[in-house]
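As structure tokens, the structure follows; a few thoughts come after it.
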Amino acid sequence: VSWVKSDDRLDDTKKIKRAWRKHRATVGLHAMSKTYSARHETDGLIDLDWIEEKLPDDDERAEVLAVMLAERLYEELPSGETKRITVRGMRITYGPHDETSYIVHDYLEFNEAKCEAEDRRRKEAERKAAARARKSGGSPPGQPSDNSGTDAGLQEVSALSRPDPTRPDPTRPLMPPNPPPSGGRKRDRDRWESELASWLAANPVTDELAERWADVVAELREAVDESTFKIHLSALHLHLDGEEMVVGAQRSAKSWIRDRFGRVLDSCAGKPVQLVPCDCQKIEAVA
Ligand SMILES: [Zn+2]
């Protein structure tokens with residue numbers, strides 16, 4: 001069993017309330033679309049056959065789809081067309097398909113993409129294979145066993161007891177909070193900003209992080225010209241280094257940097273970089 005994430009304010013968002021009022025089936029279709037997509041790793045893509053199976057009545061299906069599109073629960077992908085999005089530094093392409101299909105709006109904002117899942121599984125398999133290799137290649141008889149044998153054993157145990165990585169762990173808020181849905185209310189935005197502020201306070205920029213970031217900066221300076229780096233990228237700083245790097249960017253420049261330097265940041269970091277709006281560091285011109 002894998003897990004699908006949902007915004008915990010979903011029932012309180014305007015678009016869900018409006019969709020619910022207009023046609024009750026929309027909210028159920030939306031929820032089922034997300035679990036379907038997670039199970040089959042479609043990155044939020046829903047084909048018409050599946051919708052027809054859920055809503056066989058032509059008139060009802062047309063009504064429900066109209067509301068889904070009007071409230072942006074779905075985005076339409078017309079037959080023959082492609083749609084490209086960028087999320088966490090990855091370029092995702094949908095289509096082209098023979099029939100019109102639909103994409104669950106913002107699915108990948110909250111959920112793992114297929115390429116991320118594949119990457120995660122590959123790394124897990126490699127880790128387990130490495131642990132097995134260490135274990136089977138243990139010390140020959142008569143010689144004192146070295147530490148690596150013990151480590152491998154421990155790793156195997158911890159790999160077994162580790163929870164499914166896609167499962168949200170409420171006790172460990174590793175990643176900053178998801179931003180409120182677009183078109184969200186001021187109240188949602190305020191709440192998110194205060195959650196983000198406490199997350200940033202809990203994940204201060206340590207010396208160790210600053211050092212790791214310096215390595216990325218060295219790559220970055222090779223990749224862009226010096227003045228671009230000084231003007232636009234010198235205020236970036238690392239808050240968290242895990243499967244992704246969470247990097248603080250000036251509030252005013254965050255989206256702009258993501259659009260223009262997203263790919264180069266990911267490639268210099270060697271992993272997806274998530275930018276969070278953060279002015280916690282003074283911006284100093286690089287000498
Ligand atoms: Zn910061």
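In the structure tokens, the first chain shown is A, the next is B, and so on; residue numbers restart at 1 for each chain, and ligands run from 1 in the order shown.
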(request) Using only C-alpha atoms and all ligand atoms, find each protein or nucleic acid residue lying at most 9 Å from ligand 1; present the set as a list in words. (result)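 Going residue by residue within 9 Å of ligand 1, we get Leu200, Ala201, Asn203, Pro204, Val205, Leu236, His237, Leu238, His239, Val247, Gly248, Ala249, Gln250, Val276, Pro277, Cys278, Asp279, Cys280 and Gln281 of chain A.
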(message) What parts of region 50-234 of chain A does DSSP call alpha helix (DSSP H)? I'd like the answer as a ChimeraX atom specification.
(response) /A:50-54,58-70,107-110,114-136,147-161,186-202,207-223,226-228
(message) Measuring between only C-alpha atoms, which one of A:Glu75, A:Lys230, A:Ser255, A:Leu209 shows the shortest distance to Gly242 (chain A)?
(response)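 Looking at the shortest contact to Gly242 (chain A), the residue is A:Leu209.
Taking only C-alpha atoms, the non-local environment of Ile16 (chain A) within 8 Å (same-chain residues fewer than 4 positions away omitted) comprises Leu10, Asp11, Asp12, Trp20, Val27 and Glu71 of chain A.
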Selection file, all heavy atoms, as an mmCIF file, in the first residue's frame:
```
data_model
loop_
_atom_site.group_PDB
_atom_site.id
_atom_site.type_symbol
_atom_site.label_atom_id
_atom_site.label_comp_id
_atom_site.auth_asym_id
_atom_site.auth_seq_id
_atom_site.Cartn_x
_atom_site.Cartn_y
_atom_site.Cartn_z
ATOM 1 N N LEU A 10 -8.465 20.744 2.378
ATOM 2 C CA LEU A 10 -9.192 20.513 1.136
ATOM 3 C C LEU A 10 -10.694 20.821 1.263
ATOM 4 O O LEU A 10 -11.267 21.512 0.433
ATOM 5 C CB LEU A 10 -9.009 19.058 0.678
ATOM 6 C CG LEU A 10 -9.604 18.745 -0.682
ATOM 7 C CD1 LEU A 10 -8.717 19.287 -1.783
ATOM 8 C CD2 LEU A 10 -9.808 17.258 -0.861
ATOM 9 N N ASP A 11 -11.312 20.303 2.325
ATOM 10 C CA ASP A 11 -12.763 20.497 2.462
ATOM 11 C C ASP A 11 -13.118 21.954 2.734
ATOM 12 O O ASP A 11 -14.275 22.338 2.663
ATOM 13 C CB ASP A 11 -13.302 19.621 3.603
ATOM 14 C CG ASP A 11 -12.620 19.972 4.916
ATOM 15 O OD1 ASP A 11 -11.447 19.600 5.085
ATOM 16 O OD2 ASP A 11 -13.242 20.660 5.740
ATOM 17 N N ASP A 12 -12.115 22.748 3.065
ATOM 18 C CA ASP A 12 -12.361 24.133 3.426
ATOM 19 C C ASP A 12 -11.962 25.096 2.298
ATOM 20 O O ASP A 12 -11.982 26.296 2.473
ATOM 21 C CB ASP A 12 -11.554 24.460 4.697
ATOM 22 C CG ASP A 12 -12.072 25.706 5.400
ATOM 23 O OD1 ASP A 12 -13.302 25.947 5.333
ATOM 24 O OD2 ASP A 12 -11.261 26.438 5.987
ATOM 25 N N TRP A 20 -18.742 21.130 -4.733
ATOM 26 C CA TRP A 20 -19.680 20.304 -3.941
ATOM 27 C C TRP A 20 -21.108 20.816 -4.102
ATOM 28 O O TRP A 20 -22.042 20.056 -4.249
ATOM 29 C CB TRP A 20 -19.229 20.347 -2.480
ATOM 30 C CG TRP A 20 -20.085 19.640 -1.476
ATOM 31 C CD1 TRP A 20 -20.955 20.213 -0.592
ATOM 32 C CD2 TRP A 20 -20.123 18.229 -1.227
ATOM 33 N NE1 TRP A 20 -21.538 19.249 0.193
ATOM 34 C CE2 TRP A 20 -21.039 18.031 -0.176
ATOM 35 C CE3 TRP A 20 -19.471 17.125 -1.785
ATOM 36 C CZ2 TRP A 20 -21.333 16.751 0.334
ATOM 37 C CZ3 TRP A 20 -19.750 15.863 -1.275
ATOM 38 C CH2 TRP A 20 -20.671 15.690 -0.228
ATOM 39 N N VAL A 27 -16.520 15.849 -5.968
ATOM 40 C CA VAL A 27 -15.546 15.674 -4.894
ATOM 41 C C VAL A 27 -15.118 14.204 -4.789
ATOM 42 O O VAL A 27 -13.943 13.891 -4.584
ATOM 43 C CB VAL A 27 -16.112 16.209 -3.555
ATOM 44 C CG1 VAL A 27 -15.112 16.008 -2.424
ATOM 45 C CG2 VAL A 27 -16.439 17.695 -3.698
ATOM 46 N N GLU A 71 -13.896 24.567 -11.783
ATOM 47 C CA GLU A 71 -13.320 24.790 -10.454
ATOM 48 C C GLU A 71 -11.853 24.367 -10.393
ATOM 49 O O GLU A 71 -11.253 24.314 -9.316
ATOM 50 C CB GLU A 71 -14.136 24.053 -9.390
ATOM 51 C CG GLU A 71 -15.577 24.529 -9.272
ATOM 52 C CD GLU A 71 -15.677 26.024 -8.987
ATOM 53 O OE1 GLU A 71 -14.715 26.601 -8.426
ATOM 54 O OE2 GLU A 71 -16.705 26.621 -9.351
#
```
(message) Could you tell me how far CA of Gly262 (chain A) sits from CA of His232 (chain A), in Å to one decimal place?
(response) 12.6 Å
(request) Write down as a ChimeraX atom specification the residues belonging to region 6-206 of chain A that are assigned strand (DSSP E or B) by DSSP computed on the backbone. (result) /A:45-46,74-77,83-87,90-94,101-104
Would you output that residue set with C-alpha atoms, as a compact mmCIF listing (two decimals), in the first residue's frame?
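Output (selection.txt):
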```
# COMPACT_ATOMS: atom_id res chain seq x y z
CA LEU A 45 -3.30 11.94 -15.59
CA ILE A 46 -6.79 10.47 -15.82
CA TYR A 74 -9.12 18.88 -13.40
CA GLU A 75 -7.20 20.39 -16.25
CA GLU A 76 -8.12 19.27 -19.73
CA LEU A 77 -5.53 17.74 -22.03
CA LYS A 83 1.39 19.76 -21.62
CA ARG A 84 4.67 20.37 -19.82
CA ILE A 85 5.05 21.34 -16.21
CA THR A 86 8.01 21.82 -13.91
CA VAL A 87 7.80 20.54 -10.38
CA MET A 90 11.69 18.05 -12.91
CA ARG A 91 10.17 18.55 -16.31
CA ILE A 92 7.03 16.42 -16.66
CA THR A 93 5.38 15.95 -20.05
CA TYR A 94 1.79 14.79 -20.47
CA SER A 101 -7.77 13.22 -21.02
CA TYR A 102 -7.62 15.08 -17.74
CA ILE A 103 -4.96 16.00 -15.21
CA VAL A 104 -5.73 16.33 -11.51
```
(message) I need the residue nearest Pro179 (chain A) from this list: A:Glu116, A:Glu126, A:Asp58, A:Glu109. Use only C-alpha atoms for the distance.
(response) A:Glu109
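Considering the residues A:Ser33, A:Ser6, A:Thr26, A:Thr100 and counting only C-alpha atoms, Glu60 (chain A) has its shortest atom-to-atom contact with A:Thr26.
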(message) From the options A:Ala62, A:Glu226, A:Leu69, A:Ser2, which residue's atoms come nearest to Tyr36 (chain A), counting only C-alpha atoms?
(response)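 That would be A:Ser2, the residue with the smallest distance to Tyr36 (chain A).
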(request) Fewer than 3 positions away in the same chain doesn't count, so skip those; otherwise give me all residues within 6 Å of Glu219 (chain A), counting only C-alpha atoms, as a PyMOL selection string. (result) chain A and resi 216+222+268
(request) Using only C-alpha atoms, pick whichever of A:Ala253, A:Ala133, A:Val246, A:Ala218 has the shortest atom-to-atom distance to Leu275 (chain A). (result)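 Using only C-alpha atoms, Leu275 (chain A) sits closest to A:Val246.
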(message) Using only C-alpha atoms, which protein or nucleic acid residues come within 10 Å of Gly183 (chain A)? Drop anything in the same chain fewer than 4 positions from it, and give the result as a ChimeraX atom specification.
(response) /A:13-15,188-189
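For the pair CA of Ser194 (chain A) and CA of Met245 (chain A), the separation is 20.9 Å.
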Residues within 6 Å of Pro272 (chain A), please, as a PDB file with C-alpha atoms, in the first residue's frame. Count only C-alpha atoms; anything in the same chain fewer than 6 positions from it doesn't count.
```pdb
ATOM      1  CA  ARG A  88      10.685  20.260  -7.902  1.00  0.00           C
ATOM      2  CA  GLY A  89      12.998  20.944 -10.802  1.00  0.00           C
ATOM      3  CA  GLU A 244      15.885  17.268  -1.618  1.00  0.00           C
ATOM      4  CA  ASP A 266      19.059  20.923  -9.508  1.00  0.00           C
TER       5      ASP A 266
END
```
